[in-house]
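See below for the structure under consideration.
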There are 2 protein chains.
Amino acid sequence: MHRLVIIGGGFGGLYAAKALRRAPVHVTLLDRRNFHLFQPLLYQVATGGLSPGEIASPLRFVLRRSKNTEVLLAEVLDLDTANRRVLLRDGDAGYDTLIVAAGASHSYFGHDEWEPLAPGLKTIEDGTEIRRRILLAFEKAEREPDQDARRAWLTFVVVGAGPTGVELAGALGEIANDTLRHDFRHINPSEARILLMEGSDRVLPPYPPDLSGKAETALIGLGVRPMMGAIVTGIDETGVTVRRGTQAEHVPARTVLWAAGVEASPLGRVLAERAGAKLDRVGRVMVEPDLTIAGHPEILVIGDLANFSHQTGKPLPGVAPVAMQEGRYAADLVRRRLRGQAVGPFHYWDKGSLATIGRAAAVADFGRIHIAGYFAWLAWLFVHLMYLVEFDNRLLVFIQWAYNYFTRNRGARLITGGKP
Amino acid sequence: MHRLVIIGGGFGGLYAAKALRRAPVHVTLLDRRNFHLFQPLLYQVATGGLSPGEIASPLRFVLRRSKNTEVLLAEVLDLDTANRRVLLRDGDAGYDTLIVAAGASHSYFGHDEWEPLAPGLKTIEDGTEIRRRILLAFEKAEREPDQDARRAWLTFVVVGAGPTGVELAGALGEIANDTLRHDFRHINPSEARILLMEGSDRVLPPYPPDLSGKAETALIGLGVRPMMGAIVTGIDETGVTVRRGTQAEHVPARTVLWAAGVEASPLGRVLAERAGAKLDRVGRVMVEPDLTIAGHPEILVIGDLANFSHQTGKPLPGVAPVAMQEGRYAADLVRRRLRGQAVGPFHYWDKGSLATIGRAAAVADFGRIHIAGYFAWLAWLFVHLMYLVEFDNRLLVFIQWAYNYFTRNRGARLITGGKP
């Protein structure tokens, strides 16, 4: 039987695997983790609104009815494209077709020493670590007699005002002003300063300017201070050094969160070396109109690792809908090829973009129609609930969560891990 | 105002604090963690049924309306009973009355080197670590070609057949036989061997023999092999050495869980040194009929750290209802003393004991009435749901969980932490 190997169980890889459930193909899905993570709600874990298990589903569970599919918990080290083998840390896997959907992680723009000081948000462990830091900062402030030191504990810097940075900053605003309002006796949590630093001139740069403006207004309403044109030049244990225009300033802050840069999986470089793939400047693989690599029709690259620029002249964004549609297309391509049918180029159907700022505040870009506020937030909530329910049928959990979210409660604010 | 310090935010400490919400007392609750943990359901985290956030509530949230109460995230190092001060790692706290509710942890009976090999179940981190080991064992078995090595990965040893050991073994039986049934392609999870080793002659030793018998039958029905009269004499990376009668045997097993011994908090020894408290052989503090320490009427000890033997001649068990009632009694004592009223001795009202074995299987001991099976399980479910809802009002989450539990699904089976 035709052997398909998929690397990565994110939106791209998982949708490809699911779509091939009844195809005459033996599918092997490789992932380093045993679960699919619903990344769009990871910021809710980082801010105590949801528990890790509520936004993750075991890959084996999702694919339990796909009898042609096996899931391997494995780390990919290299590819042997001549012999069509994926080399794992413990063993290897042969393929006839390979789909690489290994995603992306943060980039610190050459400042990897910032990573422990300013964690980014990609994994479940990132989520619980950021949660720990945020909650611990309020605890430390509660017990800190010195005013300057307390102020540094109550200053939160979010670097980068893309969708993740905006979500984190908005959620921090809600935590400080609503969730923790009655919780402390010596500090007033609403005195927390939440600084959202962005190098460009507006929040949510990929969105239309009018929605950026509305998002900024909503953020200010939540107590966030957006700082535009702010270039972070240094991070250490005491805070952040930021340059705006010609002025440099040191902002004392004990909690710094990184939401600025994205860098494709190192598997991009492996594909460049072993299959001659071309990479863009953030390491994404330049793919053909059918998502294959030039000269290697048996290798497809999808999701955040792929740079698909054939439709609009610029790369499709690194969001879940793109990965899902590419995953389904890849599955379709595999099936049609086996039947000897021709396959047209991939076409992304853009249903619009949604970004949430906080409770009852979001922006939606449906091309010519722009919505902001309550209805955009309801649309955001509905879309995310539906996807979650599709994966794991935990409807009641998410109704309860939506209720809590609406009533400003965050039950999952546990300080776990780290040094006890 | 009268200063009351409570050490520990478990069932005892938290119920004492809650009961004093309107009393003319300044309450300081000290805990190393920022949340109250609903320990009776921790085994559900360890076996992928619930997420940590679902069985824990932030202490500040639970006590947010107690304006006379402050919560400090702090570690207690020592007591200065002469000057009535609790010494913390960072600072101190003065008291007029002190309630010590610091609980208990596992005891390895002098074999502390077994701890990393056979983790016990007390903290949230223990729960996620045990979950990681259980799930990883099945993953390793799926990829292991050697039959003996695979068998060792599929052998799970639970040491100790008290309520926690029985719960863990029963849940492991369900995972192997139900939850993971369709998940693997190379192994049959139901071939897993789950060995429940107990030194005495029956499971659930504190329960009446007829219920022990029924629990054992239910465990066998779930695929668990109870090994009674089994003394563990060695644990290493390859497995467990166990002696039964005069025969010693080495059982190859890659996953060993510890549910055997309990040891009181080290604060017991501090109370012995600083206040002349008498300890029993597991380090619990022998308390007076009013839960105080002899010679120190201003110090009360409650919960798992206390040995209260005045009622039945033997210590009350280390279970949540005892701690709750002691907490409420302690609060009442503080309030009455301030009014100059006399206080009678503590009396535990035993409403019965419940132990669960698995889905639709539990035993209930209501004194003369013994119940086993479905109705005992419904009683167990109802009692636990009510307590959880009382704390955090997450009714829908727990209805969903009860549904999943009934349908044998476990959605929170994530492998997190550890070496990735």
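In the structure tokens, chains take the letters A, B, ... in the order shown, each chain's residues start at 1, and ligands count up from 1 in the order shown.
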Q: Could you please select, counting only C-alpha atoms, the residues of chain A within 9 Å of chain B and state them as a ChimeraX atom specification?
A: /A:32-35,48,50-54,56-61,63-65,67,69-73,124-125,135-136,139-140,142-143,179-186,392,394-401,404,411-417,420
Pull C-alpha atoms from the residues just selected and write them as a PDB file, in the first residue's frame.
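The resulting file, out12.pdb, is reproduced below:
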```
ATOM      1  CA  ARG A  32       6.953  14.824  19.381  1.00  0.00           C
ATOM      2  CA  ARG A  33       3.840  15.301  21.528  1.00  0.00           C
ATOM      3  CA  ASN A  34       0.978  12.881  22.065  1.00  0.00           C
ATOM      4  CA  PHE A  35      -1.673  15.544  21.614  1.00  0.00           C
ATOM      5  CA  GLY A  48      -5.718  31.145  33.824  1.00  0.00           C
ATOM      6  CA  LEU A  50      -8.589  27.343  30.656  1.00  0.00           C
ATOM      7  CA  SER A  51      -6.664  24.257  31.720  1.00  0.00           C
ATOM      8  CA  PRO A  52      -4.180  22.576  29.367  1.00  0.00           C
ATOM      9  CA  GLY A  53      -6.338  19.473  29.004  1.00  0.00           C
ATOM     10  CA  GLU A  54      -9.248  21.594  27.818  1.00  0.00           C
ATOM     11  CA  ALA A  56      -5.582  19.656  23.789  1.00  0.00           C
ATOM     12  CA  SER A  57      -6.783  16.314  22.451  1.00  0.00           C
ATOM     13  CA  PRO A  58      -4.747  13.112  22.315  1.00  0.00           C
ATOM     14  CA  LEU A  59      -3.788  12.483  18.664  1.00  0.00           C
ATOM     15  CA  ARG A  60      -4.561   8.791  19.074  1.00  0.00           C
ATOM     16  CA  PHE A  61      -8.039   9.683  20.282  1.00  0.00           C
ATOM     17  CA  LEU A  63      -7.544   9.370  14.902  1.00  0.00           C
ATOM     18  CA  ARG A  64      -8.831   6.289  16.715  1.00  0.00           C
ATOM     19  CA  ARG A  65     -11.297   5.423  13.936  1.00  0.00           C
ATOM     20  CA  LYS A  67      -7.678   2.188  10.999  1.00  0.00           C
ATOM     21  CA  THR A  69      -3.362   5.428  10.374  1.00  0.00           C
ATOM     22  CA  GLU A  70      -0.727   4.937  13.005  1.00  0.00           C
ATOM     23  CA  VAL A  71       0.531   7.627  15.338  1.00  0.00           C
ATOM     24  CA  LEU A  72       4.148   7.572  16.482  1.00  0.00           C
ATOM     25  CA  LEU A  73       5.475   9.638  19.333  1.00  0.00           C
ATOM     26  CA  ILE A 124       1.503  23.903  26.767  1.00  0.00           C
ATOM     27  CA  GLU A 125       4.587  24.258  28.965  1.00  0.00           C
ATOM     28  CA  LEU A 135       0.331  35.120  39.037  1.00  0.00           C
ATOM     29  CA  LEU A 136       3.589  35.037  40.987  1.00  0.00           C
ATOM     30  CA  GLU A 139       1.914  37.509  44.857  1.00  0.00           C
ATOM     31  CA  LYS A 140       5.377  39.062  45.084  1.00  0.00           C
ATOM     32  CA  GLU A 142       1.484  41.778  47.673  1.00  0.00           C
ATOM     33  CA  ARG A 143       4.429  40.981  49.974  1.00  0.00           C
ATOM     34  CA  THR A 179     -10.410  38.891  37.981  1.00  0.00           C
ATOM     35  CA  LEU A 180      -8.121  39.783  40.870  1.00  0.00           C
ATOM     36  CA  ARG A 181     -10.063  42.820  42.058  1.00  0.00           C
ATOM     37  CA  HIS A 182     -11.063  41.370  45.438  1.00  0.00           C
ATOM     38  CA  ASP A 183      -8.120  39.048  45.874  1.00  0.00           C
ATOM     39  CA  PHE A 184      -5.418  41.112  47.555  1.00  0.00           C
ATOM     40  CA  ARG A 185      -5.234  43.113  50.769  1.00  0.00           C
ATOM     41  CA  HIS A 186      -2.045  45.182  50.353  1.00  0.00           C
ATOM     42  CA  ASP A 392     -13.360  16.612  21.393  1.00  0.00           C
ATOM     43  CA  ARG A 394     -16.525  18.831  25.240  1.00  0.00           C
ATOM     44  CA  LEU A 395     -19.419  21.176  24.707  1.00  0.00           C
ATOM     45  CA  LEU A 396     -20.338  21.678  28.367  1.00  0.00           C
ATOM     46  CA  VAL A 397     -16.774  22.496  29.357  1.00  0.00           C
ATOM     47  CA  PHE A 398     -16.684  25.243  26.791  1.00  0.00           C
ATOM     48  CA  ILE A 399     -20.093  26.603  27.660  1.00  0.00           C
ATOM     49  CA  GLN A 400     -18.938  26.844  31.274  1.00  0.00           C
ATOM     50  CA  TRP A 401     -15.750  28.516  30.092  1.00  0.00           C
ATOM     51  CA  ASN A 404     -16.777  32.294  33.197  1.00  0.00           C
ATOM     52  CA  GLY A 411     -10.676  29.419  37.656  1.00  0.00           C
ATOM     53  CA  ALA A 412      -7.483  27.861  36.329  1.00  0.00           C
ATOM     54  CA  ARG A 413      -5.075  30.377  37.811  1.00  0.00           C
ATOM     55  CA  LEU A 414      -2.699  27.913  39.398  1.00  0.00           C
ATOM     56  CA  ILE A 415       0.959  28.534  40.077  1.00  0.00           C
ATOM     57  CA  THR A 416       2.540  25.178  39.212  1.00  0.00           C
ATOM     58  CA  GLY A 417       6.004  23.954  38.242  1.00  0.00           C
ATOM     59  CA  PRO A 420       8.346  25.604  44.511  1.00  0.00           C
TER      60      PRO A 420
END
```
**Q.** 10 Å contact set for Gly165 of chain B, only C-alpha atoms, chain neighbours under 6 positions out, as a VMD selection string
**A.** chain B and resid 43 120 to 121 157 to 159 171 196 to 198 203 to 204 257 to 260 357
Q: Taking the DSSP assignment computed from this structure's backbone, write out as number ranges by chain all residues of segment 8-42 of chain A that belong to alpha helix (DSSP H).
A: A: 11-19, 42
Q: Give me, please, the distance in Å between atom CA of Ala331 of chain B and atom CA of Ala16 of chain B, quoted to one decimal.
A: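 These two atoms are separated by 5.0 Å.
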**Q.** Contact residues around Thr241 of chain A with only C-alpha atoms at 12 Å, ignoring same-chain residues under 6 positions, as a list in words
**A.**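 My list of contacting residues is Val157, Val159, Met197, Ala230, Ile231, Val232, Thr233, Gly234, Ile235, Gln247, Ala248, Glu249, His250, Val251, Pro252, Ala253 and Val256 of chain A.
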Q: Select from segment 119-349 of chain B everything DSSP, run on the backbone, classes as strand (DSSP E or B), then give the selection as a PyMOL selection string.
A: chain B and resi 155-159+193-197+224-227+230-236+239-244+247-252+255-258+261-264+279+285-286+292-293+296-301+306-307
Write a file of the selected residues as a compact mmCIF listing (two decimals), in the first residue's frame, keeping N, CA and C atoms.
```
# COMPACT_ATOMS: atom_id res chain seq x y z
N THR B 155 3.78 -3.40 32.15
CA THR B 155 3.51 -3.85 33.52
C THR B 155 3.51 -2.64 34.45
N PHE B 156 2.42 -2.47 35.15
CA PHE B 156 2.25 -1.34 36.06
C PHE B 156 2.09 -1.89 37.47
N VAL B 157 2.93 -1.41 38.37
CA VAL B 157 2.84 -1.86 39.76
C VAL B 157 2.34 -0.71 40.61
N VAL B 158 1.28 -0.95 41.37
CA VAL B 158 0.79 0.02 42.35
C VAL B 158 1.10 -0.57 43.72
N VAL B 159 1.88 0.15 44.53
CA VAL B 159 2.26 -0.35 45.85
C VAL B 159 1.32 0.25 46.89
N ARG B 193 -0.43 -5.54 32.35
CA ARG B 193 -0.60 -6.19 33.65
C ARG B 193 -0.59 -5.10 34.70
N ILE B 194 -1.62 -5.05 35.50
CA ILE B 194 -1.69 -4.06 36.58
C ILE B 194 -1.66 -4.82 37.89
N LEU B 195 -0.54 -4.69 38.60
CA LEU B 195 -0.34 -5.45 39.83
C LEU B 195 -0.54 -4.52 41.02
N LEU B 196 -1.45 -4.87 41.88
CA LEU B 196 -1.73 -4.07 43.07
C LEU B 196 -1.16 -4.83 44.28
N MET B 197 -0.02 -4.33 44.79
CA MET B 197 0.69 -5.06 45.85
C MET B 197 0.36 -4.47 47.22
N VAL B 224 -7.32 -5.82 37.04
CA VAL B 224 -6.25 -5.61 38.01
C VAL B 224 -5.96 -6.94 38.70
N ARG B 225 -4.66 -7.22 38.99
CA ARG B 225 -4.33 -8.42 39.75
C ARG B 225 -3.91 -8.03 41.15
N PRO B 226 -4.78 -8.19 42.13
CA PRO B 226 -4.40 -7.87 43.50
C PRO B 226 -3.41 -8.92 44.02
N MET B 227 -2.32 -8.47 44.63
CA MET B 227 -1.35 -9.38 45.24
C MET B 227 -1.30 -9.05 46.73
N ALA B 230 1.98 -9.02 50.07
CA ALA B 230 3.16 -8.79 49.23
C ALA B 230 3.95 -7.61 49.79
N ILE B 231 5.19 -7.88 50.24
CA ILE B 231 6.03 -6.84 50.81
C ILE B 231 7.07 -6.43 49.77
N VAL B 232 7.06 -5.16 49.39
CA VAL B 232 8.04 -4.67 48.42
C VAL B 232 9.37 -4.46 49.15
N THR B 233 10.41 -5.15 48.68
CA THR B 233 11.72 -5.03 49.35
C THR B 233 12.72 -4.29 48.50
N GLY B 234 12.41 -4.05 47.23
CA GLY B 234 13.35 -3.32 46.39
C GLY B 234 12.64 -2.73 45.18
N ILE B 235 13.10 -1.55 44.76
CA ILE B 235 12.60 -0.92 43.53
C ILE B 235 13.81 -0.38 42.79
N ASP B 236 13.93 -0.71 41.51
CA ASP B 236 14.96 -0.05 40.70
C ASP B 236 14.38 0.19 39.30
N GLY B 239 12.40 -2.77 37.76
CA GLY B 239 11.16 -3.28 38.32
C GLY B 239 11.17 -3.33 39.84
N VAL B 240 10.37 -4.24 40.35
CA VAL B 240 10.10 -4.31 41.78
C VAL B 240 10.49 -5.69 42.31
N THR B 241 11.13 -5.74 43.48
CA THR B 241 11.37 -7.01 44.14
C THR B 241 10.35 -7.14 45.27
N VAL B 242 9.64 -8.25 45.28
CA VAL B 242 8.53 -8.39 46.20
C VAL B 242 8.66 -9.74 46.91
N ARG B 243 8.36 -9.73 48.21
CA ARG B 243 8.43 -10.95 48.99
C ARG B 243 7.01 -11.31 49.42
N ARG B 244 6.63 -12.56 49.17
CA ARG B 244 5.34 -13.07 49.65
C ARG B 244 5.64 -14.32 50.45
N GLN B 247 8.92 -16.45 49.83
CA GLN B 247 9.40 -16.37 48.44
C GLN B 247 9.62 -14.94 48.01
N ALA B 248 10.79 -14.67 47.41
CA ALA B 248 11.06 -13.35 46.84
C ALA B 248 11.04 -13.46 45.32
N GLU B 249 10.54 -12.43 44.67
CA GLU B 249 10.38 -12.46 43.22
C GLU B 249 10.73 -11.09 42.67
N HIS B 250 11.37 -11.05 41.49
CA HIS B 250 11.60 -9.77 40.83
C HIS B 250 10.61 -9.64 39.69
N VAL B 251 9.81 -8.57 39.74
CA VAL B 251 8.80 -8.33 38.70
C VAL B 251 9.29 -7.23 37.78
N PRO B 252 9.61 -7.53 36.52
CA PRO B 252 10.05 -6.47 35.61
C PRO B 252 8.89 -5.51 35.34
N THR B 255 6.87 1.00 35.17
CA THR B 255 6.06 2.03 35.84
C THR B 255 5.65 1.53 37.22
N VAL B 256 6.12 2.21 38.26
CA VAL B 256 5.78 1.84 39.62
C VAL B 256 5.20 3.07 40.31
N LEU B 257 4.05 2.91 40.93
CA LEU B 257 3.39 4.03 41.61
C LEU B 257 3.29 3.72 43.10
N TRP B 258 3.50 4.72 43.91
CA TRP B 258 3.59 4.53 45.35
C TRP B 258 2.34 5.04 46.05
N GLY B 261 2.65 4.56 52.06
CA GLY B 261 2.83 5.11 53.39
C GLY B 261 2.53 6.59 53.48
N VAL B 262 2.13 7.00 54.65
CA VAL B 262 1.85 8.42 54.88
C VAL B 262 2.71 8.89 56.04
N GLU B 263 3.20 10.10 55.91
CA GLU B 263 4.08 10.68 56.92
C GLU B 263 3.61 12.11 57.14
N ALA B 264 3.47 12.50 58.41
CA ALA B 264 2.96 13.84 58.69
C ALA B 264 3.97 14.91 58.27
N LEU B 279 4.40 13.32 69.46
CA LEU B 279 4.10 12.82 68.12
C LEU B 279 3.85 11.32 68.16
N VAL B 285 0.72 14.90 65.41
CA VAL B 285 0.71 15.54 66.72
C VAL B 285 -0.47 15.01 67.54
N MET B 286 -0.17 14.50 68.75
CA MET B 286 -1.22 14.04 69.66
C MET B 286 -1.92 15.28 70.20
N THR B 292 -6.14 21.29 70.81
CA THR B 292 -4.96 22.08 71.14
C THR B 292 -3.80 21.16 71.53
N ILE B 293 -2.63 21.76 71.69
CA ILE B 293 -1.47 21.02 72.19
C ILE B 293 -1.42 21.21 73.71
N HIS B 296 -0.33 24.41 75.50
CA HIS B 296 -0.38 25.53 74.55
C HIS B 296 -1.80 25.69 74.03
N PRO B 297 -2.68 26.25 74.84
CA PRO B 297 -4.07 26.37 74.40
C PRO B 297 -4.23 27.30 73.19
N GLU B 298 -3.19 28.06 72.87
CA GLU B 298 -3.30 28.98 71.73
C GLU B 298 -2.88 28.30 70.41
N ILE B 299 -2.46 27.03 70.48
CA ILE B 299 -2.06 26.32 69.25
C ILE B 299 -2.98 25.13 69.03
N LEU B 300 -3.67 25.12 67.88
CA LEU B 300 -4.51 23.99 67.50
C LEU B 300 -3.87 23.27 66.32
N VAL B 301 -4.04 21.98 66.28
CA VAL B 301 -3.54 21.19 65.16
C VAL B 301 -4.73 20.40 64.60
N ALA B 306 -2.92 15.97 62.62
CA ALA B 306 -3.37 15.74 63.99
C ALA B 306 -3.69 14.26 64.23
N ASN B 307 -3.35 13.79 65.40
CA ASN B 307 -3.79 12.47 65.85
C ASN B 307 -4.79 12.70 66.98
```
(Q) One number please: atom CA of Thr312 of chain B to atom CA of Pro345 of chain B, in Å, one decimal. (A)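 That distance, rounded to one decimal, is 13.4 Å.
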Q: Pick out the residues sitting within 10 Å of Leu87 of chain A, and hand them over as a PyMOL selection string; count only C-alpha atoms, and ignore anything fewer than 4 positions along from it in its own chain.
A: chain A and resi 74-80+91-94
